[in-house]
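J.: As input, take input02.cif (mmCIF, C-alpha atoms):
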data_structure
loop_
_atom_site.group_PDB
_atom_site.id
_atom_site.type_symbol
_atom_site.label_atom_id
_atom_site.label_comp_id
_atom_site.auth_asym_id
_atom_site.auth_seq_id
_atom_site.Cartn_x
_atom_site.Cartn_y
_atom_site.Cartn_z
ATOM 1 C CA MET A 110 13.439 18.208 -31.649
ATOM 2 C CA ALA A 111 16.821 19.003 -30.116
ATOM 3 C CA ASN A 112 15.989 22.696 -30.172
ATOM 4 C CA SER A 113 12.674 22.060 -28.394
ATOM 5 C CA VAL A 114 14.417 20.002 -25.731
ATOM 6 C CA SER A 115 16.985 22.737 -25.129
ATOM 7 C CA ARG A 116 14.186 25.294 -24.694
ATOM 8 C CA ASN A 117 12.194 23.142 -22.267
ATOM 9 C CA ARG A 118 12.209 25.093 -19.000
ATOM 10 C CA THR A 119 9.678 22.988 -17.086
ATOM 11 C CA LEU A 120 10.740 22.845 -13.454
ATOM 12 C CA GLN A 121 12.428 19.628 -12.352
ATOM 13 C CA ILE A 122 13.444 18.412 -8.890
ATOM 14 C CA THR A 123 16.492 16.224 -8.335
ATOM 15 C CA ALA A 124 16.703 13.530 -5.648
ATOM 16 C CA GLU A 125 19.151 15.698 -3.695
ATOM 17 C CA GLU A 126 16.860 18.736 -3.894
ATOM 18 C CA LYS A 127 13.900 16.636 -2.797
ATOM 19 C CA GLU A 128 15.433 15.811 0.564
ATOM 20 C CA LYS A 129 16.355 19.440 1.233
ATOM 21 C CA LEU A 130 12.967 20.795 0.144
ATOM 22 C CA LYS A 131 11.115 18.338 2.375
ATOM 23 C CA LYS A 132 12.584 20.109 5.394
ATOM 24 C CA ARG A 133 10.829 23.333 4.386
ATOM 25 C CA ILE A 134 7.344 21.771 4.376
ATOM 26 C CA LEU A 135 5.054 21.668 7.420
ATOM 27 C CA SER A 136 3.241 18.472 8.354
ATOM 28 C CA LEU A 137 -0.014 18.259 10.269
ATOM 29 C CA GLU A 138 1.949 17.556 13.448
ATOM 30 C CA ASP A 139 4.105 20.653 12.929
ATOM 31 C CA LEU A 140 1.026 22.879 13.066
ATOM 32 C CA THR A 141 0.669 22.306 16.795
ATOM 33 C CA SER A 142 3.845 24.279 17.444
ATOM 34 C CA VAL A 143 4.872 26.127 14.253
ATOM 35 C CA SER A 144 3.235 29.215 12.735
ATOM 36 C CA PRO A 145 1.709 28.622 9.278
ATOM 37 C CA VAL A 146 2.778 32.078 8.068
ATOM 38 C CA ASN A 147 4.905 31.898 4.903
ATOM 39 C CA LYS A 148 4.654 28.114 4.965
ATOM 40 C CA THR A 149 3.498 25.249 2.774
ATOM 41 C CA ILE A 150 1.388 22.723 4.659
ATOM 42 C CA CYS A 151 1.378 19.175 3.293
ATOM 43 C CA ALA A 152 -1.871 17.753 4.627
ATOM 44 C CA ASP A 153 -5.507 16.997 3.888
ATOM 45 C CA LEU A 154 -7.508 20.241 3.941
ATOM 46 C CA PHE A 155 -10.198 18.671 6.141
ATOM 47 C CA GLN A 156 -7.584 17.924 8.804
ATOM 48 C CA ALA A 157 -5.449 21.051 8.463
ATOM 49 C CA ILE A 158 -8.118 23.747 8.234
ATOM 50 C CA ASP A 159 -8.809 23.755 11.998
ATOM 51 C CA PHE A 160 -5.181 24.725 12.636
ATOM 52 C CA ILE A 161 -5.619 27.921 10.605
ATOM 53 C CA PRO A 162 -7.017 30.703 12.834
ATOM 54 C CA ASN A 163 -10.299 32.367 11.950
ATOM 55 C CA ASN A 164 -9.912 35.908 10.541
ATOM 56 C CA PHE A 165 -6.454 34.840 9.334
ATOM 57 C CA ALA A 166 -6.406 36.024 5.710
ATOM 58 C CA ASP A 167 -6.835 39.344 3.965
ATOM 59 C CA LEU A 168 -7.273 37.477 0.686
ATOM 60 C CA ILE A 169 -8.153 33.864 -0.131
ATOM 61 C CA ILE A 170 -7.610 32.350 -3.572
ATOM 62 C CA ILE A 171 -9.168 28.937 -4.237
ATOM 63 C CA ASP A 172 -8.609 26.674 -7.220
ATOM 64 C CA PRO A 173 -10.534 23.546 -6.172
ATOM 65 C CA PRO A 174 -10.861 20.370 -8.236
ATOM 66 C CA TYR A 175 -13.342 21.027 -11.021
ATOM 67 C CA ASN A 176 -16.145 18.510 -11.413
ATOM 68 C CA LEU A 177 -14.117 16.372 -13.812
ATOM 69 C CA ASP A 178 -12.292 13.069 -13.797
ATOM 70 C CA LYS A 179 -8.758 14.280 -13.210
ATOM 71 C CA LYS A 180 -5.585 12.731 -11.819
ATOM 72 C CA PHE A 181 -3.334 14.916 -9.673
ATOM 73 C CA ASN A 182 -0.185 12.839 -9.193
ATOM 74 C CA ASN A 183 -1.196 10.467 -6.348
ATOM 75 C CA PHE A 184 -4.709 11.874 -5.959
ATOM 76 C CA SER A 185 -7.649 11.411 -8.328
ATOM 77 C CA PHE A 186 -10.889 13.395 -8.421
ATOM 78 C CA LYS A 187 -14.013 11.759 -9.836
ATOM 79 C CA ALA A 188 -16.806 13.671 -11.542
ATOM 80 C CA MET A 189 -20.162 13.552 -9.754
ATOM 81 C CA ALA A 190 -23.732 14.757 -10.137
ATOM 82 C CA GLN A 191 -24.228 18.519 -9.747
ATOM 83 C CA GLY A 192 -25.979 18.177 -6.394
ATOM 84 C CA LYS A 193 -23.173 15.998 -5.044
ATOM 85 C CA TYR A 194 -20.579 18.498 -6.232
ATOM 86 C CA ILE A 195 -22.378 21.288 -4.369
ATOM 87 C CA GLN A 196 -22.324 19.088 -1.265
ATOM 88 C CA TYR A 197 -18.594 18.623 -1.779
ATOM 89 C CA LEU A 198 -18.095 22.407 -1.941
ATOM 90 C CA GLU A 199 -20.187 22.857 1.202
ATOM 91 C CA SER A 200 -18.067 20.298 3.047
ATOM 92 C CA TRP A 201 -15.138 22.740 3.228
ATOM 93 C CA LEU A 202 -16.182 26.188 1.922
ATOM 94 C CA PRO A 203 -17.831 27.444 5.163
ATOM 95 C CA GLN A 204 -14.690 26.684 7.182
ATOM 96 C CA VAL A 205 -12.470 28.357 4.582
ATOM 97 C CA CYS A 206 -14.663 31.474 4.546
ATOM 98 C CA ASN A 207 -14.258 31.689 8.332
ATOM 99 C CA LYS A 208 -10.531 32.225 7.786
ATOM 100 C CA LEU A 209 -11.243 35.484 5.955
ATOM 101 C CA LYS A 210 -10.989 38.800 7.767
ATOM 102 C CA SER A 211 -14.115 40.973 7.964
ATOM 103 C CA THR A 212 -12.678 43.284 5.277
ATOM 104 C CA GLY A 213 -11.227 40.450 3.197
ATOM 105 C CA SER A 214 -11.868 39.190 -0.325
ATOM 106 C CA LEU A 215 -12.088 35.708 -1.821
ATOM 107 C CA TYR A 216 -11.649 34.460 -5.378
ATOM 108 C CA ILE A 217 -12.633 30.953 -6.472
ATOM 109 C CA CYS A 218 -11.856 29.414 -9.863
ATOM 110 C CA GLY A 219 -14.016 27.164 -12.010
ATOM 111 C CA ASP A 220 -14.909 26.112 -15.542
ATOM 112 C CA TRP A 221 -18.243 26.297 -17.402
ATOM 113 C CA GLY A 222 -19.438 23.045 -15.812
ATOM 114 C CA THR A 223 -18.834 24.129 -12.209
ATOM 115 C CA THR A 224 -19.462 27.861 -12.322
ATOM 116 C CA SER A 225 -23.163 27.677 -11.395
ATOM 117 C CA ALA A 226 -22.373 25.409 -8.426
ATOM 118 C CA LEU A 227 -19.642 27.785 -7.286
ATOM 119 C CA GLN A 228 -21.984 30.759 -7.490
ATOM 120 C CA LEU A 229 -24.681 28.991 -5.506
ATOM 121 C CA ALA A 230 -22.357 27.699 -2.780
ATOM 122 C CA LEU A 231 -20.378 30.935 -2.462
ATOM 123 C CA SER A 232 -23.484 33.132 -2.235
ATOM 124 C CA ARG A 233 -24.536 31.271 0.926
ATOM 125 C CA HIS A 234 -21.489 32.514 2.820
ATOM 126 C CA LEU A 235 -20.206 35.732 1.198
ATOM 127 C CA THR A 236 -21.434 38.596 -0.960
ATOM 128 C CA ILE A 237 -20.560 38.047 -4.609
ATOM 129 C CA ILE A 238 -19.201 41.199 -6.240
ATOM 130 C CA ASN A 239 -18.401 40.023 -9.771
ATOM 131 C CA ARG A 240 -17.502 37.163 -12.080
ATOM 132 C CA ILE A 241 -14.255 37.326 -14.033
ATOM 133 C CA THR A 242 -14.015 35.348 -17.265
ATOM 134 C CA TRP A 243 -10.544 34.734 -18.631
ATOM 135 C CA GLN A 244 -9.379 33.257 -21.898
ATOM 136 C CA ARG A 245 -7.601 29.956 -21.355
ATOM 137 C CA GLU A 246 -6.135 29.563 -24.840
ATOM 138 C CA LYS A 247 -4.627 26.104 -24.668
ATOM 139 C CA GLY A 248 -5.386 22.567 -25.751
ATOM 140 C CA ARG A 249 -6.710 20.865 -28.828
ATOM 141 C CA GLY A 250 -9.960 21.716 -30.552
ATOM 142 C CA ALA A 251 -13.123 19.649 -30.155
ATOM 143 C CA LYS A 252 -14.675 17.975 -33.223
ATOM 144 C CA THR A 253 -18.227 17.705 -31.880
ATOM 145 C CA ASN A 254 -18.368 20.773 -29.623
ATOM 146 C CA TRP A 255 -16.980 24.262 -29.166
ATOM 147 C CA LYS A 256 -13.447 24.291 -27.826
ATOM 148 C CA ASN A 257 -13.419 25.037 -24.103
ATOM 149 C CA SER A 258 -11.146 28.070 -23.829
ATOM 150 C CA MET A 259 -12.741 30.130 -21.036
ATOM 151 C CA GLU A 260 -12.756 29.848 -17.261
ATOM 152 C CA ASP A 261 -14.436 31.846 -14.507
ATOM 153 C CA ILE A 262 -13.254 33.334 -11.238
ATOM 154 C CA TRP A 263 -15.941 34.405 -8.766
ATOM 155 C CA PHE A 264 -15.066 37.457 -6.661
ATOM 156 C CA ALA A 265 -16.729 37.712 -3.233
ATOM 157 C CA VAL A 266 -16.277 39.654 0.015
ATOM 158 C CA LYS A 267 -17.416 39.447 3.626
ATOM 159 C CA ASN A 268 -18.511 43.074 3.841
ATOM 160 C CA PRO A 269 -19.611 44.750 0.574
ATOM 161 C CA LYS A 270 -19.334 48.155 2.239
ATOM 162 C CA GLU A 271 -15.750 47.715 3.450
ATOM 163 C CA TYR A 272 -13.259 45.793 1.373
ATOM 164 C CA PHE A 273 -9.965 46.676 -0.289
ATOM 165 C CA PHE A 274 -9.690 47.102 -4.054
ATOM 166 C CA ASP A 275 -6.848 48.973 -5.800
ATOM 167 C CA VAL A 276 -7.792 49.368 -9.453
ATOM 168 C CA ASP A 277 -4.709 51.453 -10.218
ATOM 169 C CA LYS A 278 -2.502 48.436 -9.528
ATOM 170 C CA VAL A 279 -4.182 46.316 -12.225
ATOM 171 C CA LYS A 280 -4.437 48.602 -15.218
ATOM 172 C CA ILE A 281 -3.529 47.184 -18.621
ATOM 173 C CA LYS A 282 -1.074 48.694 -21.087
ATOM 174 C CA ARG A 283 -2.176 48.273 -24.686
ATOM 175 C CA ARG A 284 -0.512 49.251 -27.929
ATOM 176 C CA VAL A 285 -2.531 51.817 -29.887
ATOM 177 C CA ILE A 286 -3.001 50.682 -33.479
ATOM 178 C CA ALA A 287 -4.927 53.726 -34.734
ATOM 179 C CA PRO A 288 -3.964 56.735 -32.575
ATOM 180 C CA TYR A 289 -6.793 59.269 -32.301
ATOM 181 C CA LEU A 290 -6.138 62.988 -32.090
ATOM 182 C CA GLU A 291 -8.444 65.642 -30.690
ATOM 183 C CA ASN A 292 -7.492 69.227 -31.530
ATOM 184 C CA GLY A 293 -4.150 67.900 -32.674
ATOM 185 C CA LYS A 294 -3.397 66.239 -29.350
ATOM 186 C CA ALA A 295 -3.334 62.564 -28.339
ATOM 187 C CA LYS A 296 -6.615 61.473 -26.760
ATOM 188 C CA ASP A 297 -6.350 58.810 -24.025
ATOM 189 C CA TRP A 298 -2.975 57.560 -25.223
ATOM 190 C CA LYS A 299 0.660 58.530 -24.991
ATOM 191 C CA LYS A 300 3.431 58.547 -27.529
ATOM 192 C CA GLU A 301 6.501 56.829 -26.128
ATOM 193 C CA GLU A 302 9.941 56.102 -27.490
ATOM 194 C CA ASP A 303 8.892 52.553 -28.361
ATOM 195 C CA GLY A 304 5.445 53.307 -29.799
ATOM 196 C CA ASN A 305 1.975 54.541 -28.912
ATOM 197 C CA PHE A 306 0.362 53.076 -25.791
ATOM 198 C CA ARG A 307 -2.810 53.415 -23.735
ATOM 199 C CA VAL A 308 -3.171 52.455 -20.060
ATOM 200 C CA THR A 309 -6.759 51.321 -19.472
ATOM 201 C CA TYR A 310 -8.981 50.230 -16.630
ATOM 202 C CA PRO A 311 -9.448 46.446 -16.413
ATOM 203 C CA SER A 312 -12.776 44.778 -17.158
ATOM 204 C CA ASN A 313 -14.054 41.417 -15.942
ATOM 205 C CA PHE A 314 -13.008 39.750 -19.215
ATOM 206 C CA TRP A 315 -9.291 38.982 -19.459
ATOM 207 C CA ASP A 316 -7.804 38.017 -22.800
ATOM 208 C CA ASP A 317 -4.174 38.775 -21.962
ATOM 209 C CA ILE A 318 -3.301 35.595 -20.026
ATOM 210 C CA THR A 319 -0.804 32.978 -21.202
ATOM 211 C CA ILE A 320 -1.177 29.463 -19.757
ATOM 212 C CA PRO A 321 2.126 28.022 -18.451
ATOM 213 C CA PHE A 322 3.740 25.690 -20.979
ATOM 214 C CA TRP A 323 7.054 23.872 -21.377
ATOM 215 C CA SER A 324 9.168 26.836 -22.488
ATOM 216 C CA MET A 325 8.108 29.031 -19.532
ATOM 217 C CA PRO A 326 10.188 28.915 -16.309
ATOM 218 C CA GLU A 327 7.060 28.911 -14.125
ATOM 219 C CA ASN A 328 5.800 25.673 -15.681
ATOM 220 C CA THR A 329 5.534 22.510 -13.555
ATOM 221 C CA PRO A 330 4.052 19.050 -14.203
ATOM 222 C CA HIS A 331 0.839 20.015 -12.360
ATOM 223 C CA PRO A 332 -2.077 19.400 -14.789
ATOM 224 C CA THR A 333 -4.155 22.480 -13.901
ATOM 225 C CA GLN A 334 -1.506 25.038 -12.950
ATOM 226 C CA LYS A 335 -2.717 28.627 -13.013
ATOM 227 C CA PRO A 336 -0.520 31.386 -14.545
ATOM 228 C CA GLU A 337 1.395 33.731 -12.266
ATOM 229 C CA LYS A 338 0.076 36.708 -14.215
ATOM 230 C CA LEU A 339 -3.516 35.636 -13.513
ATOM 231 C CA TYR A 340 -3.000 35.503 -9.762
ATOM 232 C CA ALA A 341 -0.885 38.651 -9.750
ATOM 233 C CA LYS A 342 -3.970 40.576 -10.853
ATOM 234 C CA LEU A 343 -6.044 39.167 -8.000
ATOM 235 C CA ILE A 344 -3.354 39.786 -5.394
ATOM 236 C CA LEU A 345 -2.509 43.327 -6.496
ATOM 237 C CA ALA A 346 -6.167 44.346 -6.747
ATOM 238 C CA SER A 347 -7.348 42.865 -3.465
ATOM 239 C CA SER A 348 -4.441 43.098 -1.033
ATOM 240 C CA LYS A 349 -1.707 45.401 0.189
ATOM 241 C CA GLU A 350 1.973 44.670 0.780
ATOM 242 C CA GLY A 351 2.348 42.683 3.970
ATOM 243 C CA ASP A 352 -1.189 41.255 3.798
ATOM 244 C CA MET A 353 -1.835 37.538 4.326
ATOM 245 C CA ILE A 354 -2.802 35.469 1.280
ATOM 246 C CA PHE A 355 -4.236 31.986 1.888
ATOM 247 C CA ASP A 356 -4.790 29.136 -0.584
ATOM 248 C CA PRO A 357 -6.408 25.910 0.695
ATOM 249 C CA PHE A 358 -5.795 24.028 -2.598
ATOM 250 C CA LEU A 359 -2.253 25.193 -3.275
ATOM 251 C CA GLY A 360 -1.287 22.799 -6.074
ATOM 252 C CA SER A 361 2.174 23.649 -7.372
ATOM 253 C CA GLY A 362 2.255 26.895 -5.406
ATOM 254 C CA THR A 363 1.313 29.739 -7.744
ATOM 255 C CA THR A 364 -0.560 31.679 -5.038
ATOM 256 C CA SER A 365 2.318 31.541 -2.561
ATOM 257 C CA VAL A 366 4.960 32.267 -5.202
ATOM 258 C CA VAL A 367 3.174 35.333 -6.565
ATOM 259 C CA ALA A 368 2.399 36.560 -3.051
ATOM 260 C CA LYS A 369 6.104 36.330 -2.206
ATOM 261 C CA LYS A 370 7.118 38.133 -5.396
ATOM 262 C CA LEU A 371 4.673 40.929 -4.572
ATOM 263 C CA ASN A 372 5.802 41.267 -0.932
ATOM 264 C CA ARG A 373 2.797 39.644 0.708
ATOM 265 C CA ARG A 374 2.728 36.968 3.388
ATOM 266 C CA PHE A 375 1.279 33.608 2.393
ATOM 267 C CA CYS A 376 0.085 30.210 3.501
ATOM 268 C CA GLY A 377 -1.041 27.224 1.455
ATOM 269 C CA ILE A 378 -2.384 23.734 2.049
ATOM 270 C CA GLU A 379 -1.678 20.926 -0.441
ATOM 271 C CA ILE A 380 -2.308 17.208 0.057
ATOM 272 C CA ASP A 381 0.301 15.932 -2.428
ATOM 273 C CA GLU A 382 3.916 16.043 -1.264
ATOM 274 C CA MET A 383 5.398 16.319 -4.756
ATOM 275 C CA TYR A 384 3.415 19.465 -5.498
ATOM 276 C CA CYS A 385 4.533 20.882 -2.133
ATOM 277 C CA LEU A 386 8.122 20.291 -3.224
ATOM 278 C CA TYR A 387 7.519 22.173 -6.467
ATOM 279 C CA THR A 388 6.037 25.002 -4.423
ATOM 280 C CA GLU A 389 9.106 25.198 -2.212
ATOM 281 C CA LYS A 390 11.495 25.138 -5.165
ATOM 282 C CA ARG A 391 9.524 27.938 -6.832
ATOM 283 C CA LEU A 392 9.617 29.915 -3.574
ATOM 284 C CA GLN A 393 13.400 29.504 -3.458
ATOM 285 C CA ILE A 394 13.661 30.842 -7.000
ATOM 286 C CA ALA A 395 11.344 33.746 -6.104
ATOM 287 C CA GLU A 396 13.833 34.892 -3.487
ATOM 288 C CA ILE A 397 16.166 36.026 -6.271
ATOM 289 C CA ASP A 398 13.844 36.324 -9.280
ATOM 290 C CA LYS A 399 10.639 38.318 -8.754
ATOM 291 C CA ALA A 400 9.732 38.584 -12.437
ATOM 292 C CA ILE A 401 6.120 37.865 -13.452
ATOM 293 C CA GLN A 402 5.626 37.284 -17.157
ATOM 294 C CA GLY A 403 3.414 39.991 -18.659
ATOM 295 C CA TYR A 404 3.718 42.339 -15.670
ATOM 296 C CA GLU A 405 6.408 45.000 -15.865
ATOM 297 C CA GLN A 406 6.830 48.683 -15.033
ATOM 298 C CA GLY A 407 3.839 48.532 -12.698
ATOM 299 C CA VAL A 408 1.281 47.590 -15.362
ATOM 300 C CA PHE A 409 -0.080 44.481 -17.034
ATOM 301 C CA TRP A 410 0.761 44.334 -20.703
ATOM 302 C CA GLU A 411 -1.672 43.148 -23.333
ATOM 303 C CA ARG A 412 -0.582 39.802 -24.784
ATOM 304 C CA ASN A 413 2.326 40.247 -27.253
ATOM 305 C CA THR A 414 2.512 44.003 -26.599
ATOM 306 C CA LEU A 415 5.546 43.786 -24.337
ATOM 307 C CA ASN A 416 7.391 41.583 -26.818
ATOM 308 C CA PHE A 417 6.555 44.098 -29.543
ATOM 309 C CA GLN A 418 7.985 46.924 -27.435
ATOM 310 C CA ARG A 419 11.191 44.989 -26.805
ATOM 311 C CA LYS A 420 11.498 44.246 -30.510
ATOM 312 C CA GLN A 421 11.027 47.908 -31.365
ATOM 313 C CA THR A 422 13.590 48.906 -28.735
ATOM 314 C CA THR A 423 16.085 46.438 -30.195
ATOM 315 C CA ILE A 424 15.463 47.749 -33.704
ATOM 316 C CA SER A 425 15.894 51.322 -32.467
ATOM 317 C CA LYS A 426 19.173 50.448 -30.739
ATOM 318 C CA ASP A 427 20.421 48.616 -33.830
ATOM 319 C CA GLU A 428 19.598 51.630 -36.014
ATOM 320 C CA ASN A 429 21.499 53.933 -33.637
ATOM 321 C CA LEU A 430 24.514 51.629 -33.734
ATOM 322 C CA PHE A 431 24.326 51.575 -37.521
ATOM 323 C CA GLU A 432 24.290 55.380 -37.625
ATOM 324 C CA GLU A 433 27.285 55.518 -35.276
ATOM 325 C CA ASP A 434 29.163 53.132 -37.562
ATOM 326 C CA LEU A 435 28.486 55.425 -40.482
#
Is it possible to express this structure as structure tokens?

T.:
Amino acid sequence: MANSVSRNRTLQITAEEKEKLKKRILSLEDLTSVSPVNKTICADLFQAIDFIPNNFADLIIIDPPYNLDKKFNNFSFKAMAQGKYIQYLESWLPQVCNKLKSTGSLYICGDWGTTSALQLALSRHLTIINRITWQREKGRGAKTNWKNSMEDIWFAVKNPKEYFFDVDKVKIKRRVIAPYLENGKAKDWKKEEDGNFRVTYPSNFWDDITIPFWSMPENTPHPTQKPEKLYAKLILASSKEGDMIFDPFLGSGTTSVVAKKLNRRFCGIEIDEMYCLYTEKRLQIAEIDKAIQGYEQGVFWERNTLNFQRKQTTISKDENLFEEDL
């Protein structure tokens, strides 16, 4: 138990930090005179959205409350009938879509129970390009049902003939288990000092994501926090450095934090002050630490591949030291 406690890296905020971080957050009143660029707005989306200019964002990432009974610190969301949930989406989605530039892209997250509602609502306002399904490998199994370990992200744009997408920025590096040779030469893979690897084009199924948990420095107490690696893929694929990234349901700040780490501008709205504080603390940390777990050397690494490479590098270095000793 003591070892687990010592390894717990979940972000905490002291009383002293709280007072300092509060000064970094914008209130609804601040929006009348202060630019929302690179800011966290602590306010109700329905009140704050009118202060965000239309055509504001190059990329919008939305992680709205799923249609579940869920408590978010001081705010609780109650599950409702499917038709009512679609009405809820329609109560804010049109205004959010107006904030997107004509060449912009939007991603919206959901689970199996909300994905059809998201598709229907989103298709009324934007052109849907694809659906990403990612493996959310966390939580206990279900005794009377299949374990829920997948979530969806719908990808949509304003103009299907003119939008930005950089596939080279989101390629995946995988370790080659059975290297294939053609005429004695490596086919679609490369032998490196630390092993054999292949850089591949990404599909719309992602099985290389690790959900934040207590031993990861990005982890916060937010109950539905999305991984930095997940959002890094969206941001790198659908925006350029300097672009504006907007998140109307910011939560504990993953969108803003990853945008900052990847040299984008950002803006987020979050109703709960405590989550805004976590966002600001994470943004402070991102000023000196731009690391994103699972993303190094300009590529996304298949789960456990990067750790394997580091292990092999360590072994190789140890062997060299042993030879020098001899």

J.: I would like the residues chosen by the PyMOL selection byres ((chain A and resi 238) around 8) on the shown file; could you give them as number ranges by chain?

T.: A: 236-237, 239-240, 263-266, 269

J.: I need the output of the PyMOL selection byres ((chain A and resi 185) around 12) for this file as a PDB file with C-alpha atoms, in the frame of the given file; which residues are they?

T.:
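Below is the file out-v4.pdb, written as the result:
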ATOM      1  CA  PRO A 174     -10.861  20.370  -8.236  1.00  0.00           C
ATOM      2  CA  TYR A 175     -13.342  21.027 -11.021  1.00  0.00           C
ATOM      3  CA  ASN A 176     -16.145  18.510 -11.413  1.00  0.00           C
ATOM      4  CA  LEU A 177     -14.117  16.372 -13.812  1.00  0.00           C
ATOM      5  CA  ASP A 178     -12.292  13.069 -13.797  1.00  0.00           C
ATOM      6  CA  LYS A 179      -8.758  14.280 -13.210  1.00  0.00           C
ATOM      7  CA  LYS A 180      -5.585  12.731 -11.819  1.00  0.00           C
ATOM      8  CA  PHE A 181      -3.334  14.916  -9.673  1.00  0.00           C
ATOM      9  CA  ASN A 182      -0.185  12.839  -9.193  1.00  0.00           C
ATOM     10  CA  ASN A 183      -1.196  10.467  -6.348  1.00  0.00           C
ATOM     11  CA  PHE A 184      -4.709  11.874  -5.959  1.00  0.00           C
ATOM     12  CA  PHE A 186     -10.889  13.395  -8.421  1.00  0.00           C
ATOM     13  CA  LYS A 187     -14.013  11.759  -9.836  1.00  0.00           C
ATOM     14  CA  ALA A 188     -16.806  13.671 -11.542  1.00  0.00           C
ATOM     15  CA  PRO A 332      -2.077  19.400 -14.789  1.00  0.00           C
ATOM     16  CA  ILE A 380      -2.308  17.208   0.057  1.00  0.00           C
ATOM     17  CA  ASP A 381       0.301  15.932  -2.428  1.00  0.00           C
TER      18      ASP A 381
END

J.: Would you mind telling me which residue in A:Ala395, A:Ile344, A:Ile354, A:Val279 lies nearest to A:Val366 when using all atoms listed in the file?

T.: A:Ala395

J.: Would you kindly return, as a list in words, each protein, DNA or RNA residue with an atom no farther than 12 Å from any atom of A:Asp139, considering all atoms listed in the file and excluding same-chain residues fewer than 2 positions away?

T.: Lys132, Arg133, Ile134, Leu135, Ser136, Leu137, Thr141, Ser142, Val143, Ser144, Pro145, Lys148, Thr149, Ile150, Cys151, Ala152, Ala157 and Phe160 of chain A

J.: May I have the residues from that selection written out with C-alpha atoms, as an mmCIF file, in the coordinates of the input?

T.:
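Saved to again-v2.cif:
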data_model
loop_
_atom_site.group_PDB
_atom_site.id
_atom_site.type_symbol
_atom_site.label_atom_id
_atom_site.label_comp_id
_atom_site.auth_asym_id
_atom_site.auth_seq_id
_atom_site.Cartn_x
_atom_site.Cartn_y
_atom_site.Cartn_z
ATOM 1 C CA LYS A 132 12.584 20.109 5.394
ATOM 2 C CA ARG A 133 10.829 23.333 4.386
ATOM 3 C CA ILE A 134 7.344 21.771 4.376
ATOM 4 C CA LEU A 135 5.054 21.668 7.420
ATOM 5 C CA SER A 136 3.241 18.472 8.354
ATOM 6 C CA LEU A 137 -0.014 18.259 10.269
ATOM 7 C CA THR A 141 0.669 22.306 16.795
ATOM 8 C CA SER A 142 3.845 24.279 17.444
ATOM 9 C CA VAL A 143 4.872 26.127 14.253
ATOM 10 C CA SER A 144 3.235 29.215 12.735
ATOM 11 C CA PRO A 145 1.709 28.622 9.278
ATOM 12 C CA LYS A 148 4.654 28.114 4.965
ATOM 13 C CA THR A 149 3.498 25.249 2.774
ATOM 14 C CA ILE A 150 1.388 22.723 4.659
ATOM 15 C CA CYS A 151 1.378 19.175 3.293
ATOM 16 C CA ALA A 152 -1.871 17.753 4.627
ATOM 17 C CA ALA A 157 -5.449 21.051 8.463
ATOM 18 C CA PHE A 160 -5.181 24.725 12.636
#

J.: A:Phe355: which residues within 7 Å, counting only C-alpha atoms, same-chain residues fewer than 4 positions away excluded, as a list in words?

T.: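 Everything that qualifies: Ala166, Leu168, Ile169, Ile170, Phe375, Cys376 and Gly377 of chain A.
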
J.: For A:Val408, which residue among A:Lys349, A:Arg307, A:Lys129, A:Lys335 is the nearest when counting all atoms listed in the file?

T.: A:Arg307

J.: Expanded to explicit residues, what is the PyMOL selection byres ((chain A and resi 314-320) around 7) for this file, as a PyMOL selection string?

T.: chain A and resi 241-245+247+312-313+321-322+335-336+338-339+411-412

J.: For A:Phe155, which of A:Asp220, A:Asp172, A:Glu379, A:Glu260 is the closest residue, counting only C-alpha atoms?

T.: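 The closest residue to A:Phe155 is A:Glu379.
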
J.: How far is it from atom CA of A:Glu389 to atom CA of A:Lys370, in Å with one decimal?

T.: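 Here the two named atoms are 13.5 Å from each other.
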
J.: Which distance in Å separates atom CA of A:Ser211 and atom CA of A:Glu337, to one decimal?

T.: 26.5 Å

J.: Using all atoms listed in the file, collect all residues at a distance of at most 10 Å from (-9.7, 38.8, 8.8) as written in the file, then present them as a list of chain:residue names.

T.: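 So the residues meeting the distance criterion are A:Pro162, A:Asn163, A:Asn164, A:Phe165, A:Ala166, A:Asp167, A:Leu168, A:Cys206, A:Asn207, A:Lys208, A:Leu209, A:Lys210, A:Ser211, A:Thr212, A:Gly213, A:Ser214, A:Lys267, A:Met353.
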
J.: Quick one: residues within 12 Å of A:Ala230, all atoms listed in the file counted, chain neighbours fewer than 3 positions away excluded, as a ChimeraX atom specification?

T.: /A:191-203,206,217,223-227,233-237,263,265

J.: Would you save the residues of that selection, restricted to C-alpha atoms, as a compact mmCIF listing (two decimals), keeping the file's coordinate frame?

T.:
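Produced file selection27.txt, reproduced below:
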# COMPACT_ATOMS: atom_id res chain seq x y z
CA GLN A 191 -24.23 18.52 -9.75
CA GLY A 192 -25.98 18.18 -6.39
CA LYS A 193 -23.17 16.00 -5.04
CA TYR A 194 -20.58 18.50 -6.23
CA ILE A 195 -22.38 21.29 -4.37
CA GLN A 196 -22.32 19.09 -1.26
CA TYR A 197 -18.59 18.62 -1.78
CA LEU A 198 -18.10 22.41 -1.94
CA GLU A 199 -20.19 22.86 1.20
CA SER A 200 -18.07 20.30 3.05
CA TRP A 201 -15.14 22.74 3.23
CA LEU A 202 -16.18 26.19 1.92
CA PRO A 203 -17.83 27.44 5.16
CA CYS A 206 -14.66 31.47 4.55
CA ILE A 217 -12.63 30.95 -6.47
CA THR A 223 -18.83 24.13 -12.21
CA THR A 224 -19.46 27.86 -12.32
CA SER A 225 -23.16 27.68 -11.40
CA ALA A 226 -22.37 25.41 -8.43
CA LEU A 227 -19.64 27.78 -7.29
CA ARG A 233 -24.54 31.27 0.93
CA HIS A 234 -21.49 32.51 2.82
CA LEU A 235 -20.21 35.73 1.20
CA THR A 236 -21.43 38.60 -0.96
CA ILE A 237 -20.56 38.05 -4.61
CA TRP A 263 -15.94 34.40 -8.77
CA ALA A 265 -16.73 37.71 -3.23
